[in-house]
Every structure is written in C-alpha cells, then in structure tokens.
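Chemist: Structure file entry25.pdb, PDB, C-alpha atoms and all ligand atoms, is pasted below:
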```
ATOM      1  CA  MET A   1     -33.548  -8.897  21.764  1.00  0.00           C
ATOM      2  CA  MET A   2     -32.931  -5.203  21.236  1.00  0.00           C
ATOM      3  CA  LYS A   3     -29.329  -5.690  22.279  1.00  0.00           C
ATOM      4  CA  LYS A   4     -28.880  -8.424  19.686  1.00  0.00           C
ATOM      5  CA  VAL A   5     -30.371  -6.229  16.982  1.00  0.00           C
ATOM      6  CA  ALA A   6     -28.116  -3.347  17.967  1.00  0.00           C
ATOM      7  CA  LEU A   7     -25.068  -5.633  17.968  1.00  0.00           C
ATOM      8  CA  LEU A   8     -25.970  -7.028  14.562  1.00  0.00           C
ATOM      9  CA  ALA A   9     -26.405  -3.518  13.184  1.00  0.00           C
ATOM     10  CA  ALA A  10     -23.019  -2.521  14.594  1.00  0.00           C
ATOM     11  CA  LEU A  11     -21.331  -5.568  13.055  1.00  0.00           C
ATOM     12  CA  LEU A  12     -22.913  -4.889   9.677  1.00  0.00           C
ATOM     13  CA  ALA A  13     -21.756  -1.285   9.843  1.00  0.00           C
ATOM     14  CA  LEU A  14     -18.201  -2.465  10.554  1.00  0.00           C
ATOM     15  CA  ALA A  15     -18.312  -5.027   7.749  1.00  0.00           C
ATOM     16  CA  CYS A  16     -19.484  -2.452   5.243  1.00  0.00           C
ATOM     17  CA  VAL A  17     -17.210   0.442   6.138  1.00  0.00           C
ATOM     18  CA  CYS A  18     -15.048  -0.153   3.044  1.00  0.00           C
ATOM     19  CA  GLU A  19     -18.000  -0.381   0.637  1.00  0.00           C
ATOM     20  CA  GLY A  20     -18.152   2.627  -1.633  1.00  0.00           C
ATOM     21  CA  VAL A  21     -14.601   3.706  -0.876  1.00  0.00           C
ATOM     22  CA  THR A  22     -12.847   5.302  -3.828  1.00  0.00           C
ATOM     23  CA  PHE A  23      -9.175   6.118  -3.954  1.00  0.00           C
ATOM     24  CA  GLY A  24      -8.423   9.805  -4.335  1.00  0.00           C
ATOM     25  CA  GLN A  25      -5.634  10.995  -6.613  1.00  0.00           C
ATOM     26  CA  LEU A  26      -2.574   8.855  -5.925  1.00  0.00           C
ATOM     27  CA  CYS A  27       0.069  10.493  -8.061  1.00  0.00           C
ATOM     28  CA  GLU A  28       0.990  13.987  -9.156  1.00  0.00           C
ATOM     29  CA  GLY A  29       0.173  14.450 -12.852  1.00  0.00           C
ATOM     30  CA  ASN A  30      -2.472  11.687 -12.870  1.00  0.00           C
ATOM     31  CA  PRO A  31      -5.634  13.258 -11.389  1.00  0.00           C
ATOM     32  CA  ASN A  32      -7.913  10.469 -12.664  1.00  0.00           C
ATOM     33  CA  ASN A  33      -5.796   7.566 -11.386  1.00  0.00           C
ATOM     34  CA  ASN A  34      -5.290   6.334 -14.934  1.00  0.00           C
ATOM     35  CA  ARG A  35      -4.095   2.755 -14.984  1.00  0.00           C
ATOM     36  CA  ARG A  36      -1.099   1.214 -16.664  1.00  0.00           C
ATOM     37  CA  THR A  37      -2.472  -0.744 -19.600  1.00  0.00           C
ATOM     38  CA  SER A  38       0.055  -2.806 -21.521  1.00  0.00           C
ATOM     39  CA  ASP A  39       3.750  -2.287 -22.219  1.00  0.00           C
ATOM     40  CA  SER A  40       6.688  -4.514 -23.100  1.00  0.00           C
ATOM     41  CA  PHE A  41       6.945  -5.647 -19.467  1.00  0.00           C
ATOM     42  CA  GLY A  42       3.310  -6.690 -19.106  1.00  0.00           C
ATOM     43  CA  SER A  43      -0.111  -5.330 -18.199  1.00  0.00           C
ATOM     44  CA  GLY A  44      -1.118  -3.420 -15.106  1.00  0.00           C
ATOM     45  CA  HIS A  45      -4.454  -4.992 -14.287  1.00  0.00           C
ATOM     46  CA  PHE A  46      -5.079  -7.304 -11.365  1.00  0.00           C
ATOM     47  CA  GLY A  47      -4.477 -10.920 -12.356  1.00  0.00           C
ATOM     48  CA  ALA A  48      -2.239 -10.087 -15.336  1.00  0.00           C
ATOM     49  CA  SER A  49       0.328 -12.738 -16.209  1.00  0.00           C
ATOM     50  CA  ARG A  50       3.789 -12.353 -14.634  1.00  0.00           C
ATOM     51  CA  ASN A  51       6.137 -15.114 -15.775  1.00  0.00           C
ATOM     52  CA  GLY A  52       3.595 -17.818 -15.021  1.00  0.00           C
ATOM     53  CA  ARG A  53       2.344 -16.117 -11.883  1.00  0.00           C
ATOM     54  CA  SER A  54      -0.488 -13.676 -11.369  1.00  0.00           C
ATOM     55  CA  HIS A  55      -0.125  -9.919 -10.817  1.00  0.00           C
ATOM     56  CA  GLN A  56      -1.401  -9.292  -7.297  1.00  0.00           C
ATOM     57  CA  GLY A  57      -2.159  -5.603  -7.591  1.00  0.00           C
ATOM     58  CA  LEU A  58      -3.350  -2.784  -9.808  1.00  0.00           C
ATOM     59  CA  ASP A  59      -0.824  -0.405 -11.399  1.00  0.00           C
ATOM     60  CA  ILE A  60      -1.576   3.327 -11.403  1.00  0.00           C
ATOM     61  CA  ILE A  61       0.494   5.468 -13.765  1.00  0.00           C
ATOM     62  CA  CYS A  62       3.048   7.645 -11.973  1.00  0.00           C
ATOM     63  CA  ASP A  63       6.070   9.276 -13.575  1.00  0.00           C
ATOM     64  CA  ASP A  64       9.414   8.835 -11.840  1.00  0.00           C
ATOM     65  CA  GLY A  65       9.989  11.514  -9.219  1.00  0.00           C
ATOM     66  CA  SER A  66       6.309  12.491  -8.949  1.00  0.00           C
ATOM     67  CA  VAL A  67       4.757  13.211  -5.573  1.00  0.00           C
ATOM     68  CA  VAL A  68       2.537  10.408  -4.250  1.00  0.00           C
ATOM     69  CA  TYR A  69      -0.529  11.438  -2.224  1.00  0.00           C
ATOM     70  CA  ALA A  70      -2.638   9.737   0.448  1.00  0.00           C
ATOM     71  CA  PRO A  71      -5.708   8.324  -1.387  1.00  0.00           C
ATOM     72  CA  PHE A  72      -7.838   8.818   1.757  1.00  0.00           C
ATOM     73  CA  ASP A  73      -7.098   9.590   5.401  1.00  0.00           C
ATOM     74  CA  VAL A  74      -4.491   6.972   6.288  1.00  0.00           C
ATOM     75  CA  THR A  75      -2.465   5.581   9.148  1.00  0.00           C
ATOM     76  CA  LEU A  76       1.047   4.573   8.109  1.00  0.00           C
ATOM     77  CA  ASN A  77       2.178   1.087   9.129  1.00  0.00           C
ATOM     78  CA  GLY A  78       5.827   1.097   8.133  1.00  0.00           C
ATOM     79  CA  ARG A  79       8.061   0.827   5.116  1.00  0.00           C
ATOM     80  CA  LEU A  80       7.884  -2.285   2.964  1.00  0.00           C
ATOM     81  CA  THR A  81      10.567  -3.946   0.888  1.00  0.00           C
ATOM     82  CA  VAL A  82       9.443  -4.894  -2.609  1.00  0.00           C
ATOM     83  CA  TYR A  83      12.365  -6.986  -3.885  1.00  0.00           C
ATOM     84  CA  THR A  84      15.196  -9.059  -2.511  1.00  0.00           C
ATOM     85  CA  ASP A  85      17.086  -8.660  -5.811  1.00  0.00           C
ATOM     86  CA  PRO A  86      19.863  -6.070  -5.283  1.00  0.00           C
ATOM     87  CA  THR A  87      19.744  -5.023  -8.962  1.00  0.00           C
ATOM     88  CA  LYS A  88      16.311  -3.524  -8.214  1.00  0.00           C
ATOM     89  CA  ALA A  89      17.428  -1.607  -5.144  1.00  0.00           C
ATOM     90  CA  ALA A  90      16.565   1.738  -6.775  1.00  0.00           C
ATOM     91  CA  ILE A  91      12.827   0.952  -6.569  1.00  0.00           C
ATOM     92  CA  ASN A  92      12.807  -1.333  -3.584  1.00  0.00           C
ATOM     93  CA  SER A  93      10.628   0.624  -1.169  1.00  0.00           C
ATOM     94  CA  GLY A  94       6.977   1.051  -0.459  1.00  0.00           C
ATOM     95  CA  ILE A  95       4.607   1.942   2.326  1.00  0.00           C
ATOM     96  CA  ASN A  96       2.007  -0.008   4.312  1.00  0.00           C
ATOM     97  CA  LEU A  97      -1.114   1.954   5.155  1.00  0.00           C
ATOM     98  CA  GLU A  98      -4.680   1.582   6.354  1.00  0.00           C
ATOM     99  CA  GLY A  99      -7.802   3.710   6.331  1.00  0.00           C
ATOM    100  CA  GLU A 100     -11.496   3.550   5.386  1.00  0.00           C
ATOM    101  CA  GLY A 101     -11.476  -0.050   6.590  1.00  0.00           C
ATOM    102  CA  LEU A 102      -8.847  -1.007   3.995  1.00  0.00           C
ATOM    103  CA  CYS A 103      -5.295  -2.297   4.444  1.00  0.00           C
ATOM    104  CA  VAL A 104      -3.149  -1.388   1.435  1.00  0.00           C
ATOM    105  CA  LYS A 105       0.437  -1.684   0.217  1.00  0.00           C
ATOM    106  CA  LEU A 106       1.880   0.869  -2.189  1.00  0.00           C
ATOM    107  CA  PHE A 107       5.013  -0.313  -4.016  1.00  0.00           C
ATOM    108  CA  TYR A 108       7.801   1.838  -5.516  1.00  0.00           C
ATOM    109  CA  VAL A 109       7.188   4.825  -3.257  1.00  0.00           C
ATOM    110  CA  ASN A 110       9.959   6.334  -1.172  1.00  0.00           C
ATOM    111  CA  PRO A 111       7.977   7.404   1.904  1.00  0.00           C
ATOM    112  CA  ASP A 112       8.535  10.721   3.668  1.00  0.00           C
ATOM    113  CA  GLN A 113       7.568   9.073   6.953  1.00  0.00           C
ATOM    114  CA  THR A 114       6.626   5.537   7.965  1.00  0.00           C
ATOM    115  CA  SER A 115       4.349   6.096  10.967  1.00  0.00           C
ATOM    116  CA  GLY A 116       1.626   8.475  12.004  1.00  0.00           C
ATOM    117  CA  ARG A 117      -1.307   9.743   9.989  1.00  0.00           C
ATOM    118  CA  VAL A 118      -1.591  11.518   6.680  1.00  0.00           C
ATOM    119  CA  SER A 119      -4.766  13.231   5.460  1.00  0.00           C
ATOM    120  CA  LYS A 120      -6.282  12.560   2.044  1.00  0.00           C
ATOM    121  CA  GLY A 121      -4.437  14.458  -0.670  1.00  0.00           C
ATOM    122  CA  GLN A 122      -1.387  15.151   1.451  1.00  0.00           C
ATOM    123  CA  ARG A 123       2.045  13.957   0.435  1.00  0.00           C
ATOM    124  CA  LEU A 124       3.116  10.375   1.271  1.00  0.00           C
ATOM    125  CA  GLY A 125       6.414  10.378  -0.573  1.00  0.00           C
ATOM    126  CA  VAL A 126       7.938  10.224  -4.047  1.00  0.00           C
ATOM    127  CA  MET A 127       7.710   7.755  -6.936  1.00  0.00           C
ATOM    128  CA  MET A 128      11.029   5.916  -7.249  1.00  0.00           C
ATOM    129  CA  PRO A 129      13.124   5.854 -10.479  1.00  0.00           C
ATOM    130  CA  MET A 130      11.457   2.901 -12.193  1.00  0.00           C
ATOM    131  CA  GLN A 131      12.931   3.701 -15.610  1.00  0.00           C
ATOM    132  CA  SER A 132      16.400   2.995 -14.212  1.00  0.00           C
ATOM    133  CA  VAL A 133      15.360  -0.610 -13.524  1.00  0.00           C
ATOM    134  CA  TYR A 134      12.787  -1.225 -16.273  1.00  0.00           C
ATOM    135  CA  PRO A 135      13.645   1.109 -19.180  1.00  0.00           C
ATOM    136  CA  GLY A 136      10.557   1.871 -21.250  1.00  0.00           C
ATOM    137  CA  ILE A 137       8.014   0.573 -18.771  1.00  0.00           C
ATOM    138  CA  THR A 138       4.964   2.695 -17.916  1.00  0.00           C
ATOM    139  CA  SER A 139       6.167   3.951 -14.520  1.00  0.00           C
ATOM    140  CA  HIS A 140       3.550   3.235 -11.890  1.00  0.00           C
ATOM    141  CA  VAL A 141       2.606   2.802  -8.271  1.00  0.00           C
ATOM    142  CA  HIS A 142       1.542  -0.780  -7.577  1.00  0.00           C
ATOM    143  CA  VAL A 143      -1.538  -0.910  -5.332  1.00  0.00           C
ATOM    144  CA  GLN A 144      -1.962  -4.199  -3.494  1.00  0.00           C
ATOM    145  CA  MET A 145      -4.534  -5.072  -0.848  1.00  0.00           C
ATOM    146  CA  CYS A 146      -3.032  -6.712   2.255  1.00  0.00           C
ATOM    147  CA  ASP A 147      -5.404  -9.673   1.788  1.00  0.00           C
ATOM    148  CA  ARG A 148      -4.429  -9.860  -1.920  1.00  0.00           C
ATOM    149  CA  SER A 149      -7.985  -9.236  -3.040  1.00  0.00           C
ATOM    150  CA  ASP A 150      -8.692  -7.224  -6.197  1.00  0.00           C
ATOM    151  CA  PRO A 151      -8.368  -3.451  -5.567  1.00  0.00           C
ATOM    152  CA  THR A 152      -9.963  -2.473  -8.906  1.00  0.00           C
ATOM    153  CA  LYS A 153     -13.399  -1.799  -7.402  1.00  0.00           C
ATOM    154  CA  TYR A 154     -11.933   1.045  -5.334  1.00  0.00           C
ATOM    155  CA  PHE A 155     -10.882   2.962  -8.449  1.00  0.00           C
TER     156      PHE A 155
HETATM  157 ZN    ZN B   1       1.982  -4.052 -10.236  1.00  0.00          ZN
END
```
Mind converting the file's structure to structure tokens?
Modeler:
Amino acid sequence: MMKKVALLAALLALACVCEGVTFGQLCEGNPNNNRRTSDSFGSGHFGASRNGRSHQGLDIICDDGSVVYAPFDVTLNGRLTVYTDPTKAAINSGINLEGEGLCVKLFYVNPDQTSGRVSKGQRLGVMMPMQSVYPGITSHVHVQMCDRSDPTKYF
C-alpha cells in the first residue's frame, strides 16, 4: 500500500512539473515578453485566424537581429524548418527545445547551436529578418508547444 501511495505521488509530481512555469525573457529589447497584438498580417494570439486556419502559437515581439534567450534551462533538440516556400527562406529556421517538462518550438530564430543545453537567460540565437519577408509586420518569435496546446498560460 505504501508503495502504491509513493508511486502515485511520484506520478503526480511528474504530471505537474510544468504547472507554474513562466517563460523568462525571450528576446532582447522585450523584457516583459510583450505579445504581438494586431497588424496588417494578422494577430499574434493563439487561435487567431490565418487564411481560414488557426494560429497554432503565441507571437512574442522581437525586432529583427535581436538576440533570443533561453526562457528557462533548456535542452536543444535540433533545428526546425518553418516553411517549404523558398520565397520565405530568409526566416525559415527555428529551434526545438525542452525544459521544465515542456516541449517547445521557437520559429524565426537562427540558432547558435542545435544540441546541448543552454541555461535560462543565455543566448539561443538571433531573430531572423522578418521585415524582408513581411514588410510592416510586428517582428516576432512564434512560440508553439510540440503538442499544439495553448502556450499563453506560460506567459
Ligand atoms: Zn505565430
């Protein structure tokens, strides 16, 4: 009986490890993780309309060329490719990462490295030149959970 209780407690602890997690500063120049609101290309909130589809992430304001930081202690799980469209090649990269029980994709970041660990607040890479692809947009890092759930509660 005690073993079952201990096991249950351990499972609950594992299940809840991501509760209460808050992203630290993601982008240089945006210490409060201010979100993209609305611009001529759309809105930055989770579930916003995208040409009949639904926006699967949350957009955090980040000027082109800004340094992007690890939002918590992370393990890097490789580069990701955002688009297949060659006209968007300038902003085609991102990084897969995990930490604090979360699995996260960051779009439009040119990563310094694609494996290993990075501590909270240390440099992950650089915001790609979004204005060159979407002139006038609010440049941003797109934060998407690997399971496509809503990341807003972590901000
Ligand atoms: Zn987005």
Chemist: Residue by residue, what does the PyMOL selection byres (((chain A and resi 26) around 9) and not hetatm) grab here? Present the result as a ChimeraX atom specification.
Modeler: /A:23-25,27-28,30-33,60,62,67-71,121,141
Chemist: Please, what distance in Å, to one decimal, runs between atom CA of A:Met127 and atom CA of A:Asp112?
Modeler: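 Taking atom CA of A:Met127 as the start and atom CA of A:Asp112 as the end point, the length is 11.0 Å.
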Chemist: Counting all atoms listed in the file, name the residues that have an atom within 7 Å of an atom of ligand ZN 1 (chain B); the answer should be given as a list in words.
Modeler: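 Taking all atoms listed in the file into account, the residues around ligand ZN 1 (chain B) at most 7 Å away are Gly44, His55, Gln56, Gly57, Leu58, Asp59, His142 and Val143 of chain A.
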Chemist: So how many Å separate atom CA of A:Ser139 and atom CA of A:Arg117, to one decimal?
Modeler: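 Atom-to-atom, atom CA of A:Ser139 to atom CA of A:Arg117, that is 26.3 Å.
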Chemist: Please enumerate the residues selected by the PyMOL selection byres (((chain A and resi 128) around 10) and not hetatm) when evaluated against the supplied file, formatted as a list in words.
Modeler: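 This file, filtered by the PyMOL selection byres (((chain A and resi 128) around 10) and not hetatm), leaves Cys62, Asp63, Asp64, Gly65, Ser66, Val67, Ala90, Ile91, Asn92, Ser93, Gly94, Phe107, Tyr108, Val109, Asn110, Pro111, Gly125, Val126, Met127, Pro129, Met130, Gln131, Ser132, Ser139, His140 and Val141 of chain A.
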Chemist: What gap, in Å, lies between atom CA of A:Phe72 and atom CA of A:Cys103?
Modeler: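 Computing the Euclidean distance for atom CA of A:Phe72 and atom CA of A:Cys103 yields 11.7 Å.
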Chemist: Tell me, as a PDB file with C-alpha atoms, keeping the file's coordinate frame, which residues lie within 10 Å of A:Ser38, counting only C-alpha atoms; anything in the same chain fewer than 5 positions away does not count.
Modeler:
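The result, stored in out28.pdb:
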```
ATOM      1  CA  SER A  43      -0.111  -5.330 -18.199  1.00  0.00           C
ATOM      2  CA  GLY A  44      -1.118  -3.420 -15.106  1.00  0.00           C
ATOM      3  CA  HIS A  45      -4.454  -4.992 -14.287  1.00  0.00           C
ATOM      4  CA  ALA A  48      -2.239 -10.087 -15.336  1.00  0.00           C
ATOM      5  CA  ILE A 137       8.014   0.573 -18.771  1.00  0.00           C
ATOM      6  CA  THR A 138       4.964   2.695 -17.916  1.00  0.00           C
TER       7      THR A 138
END
```
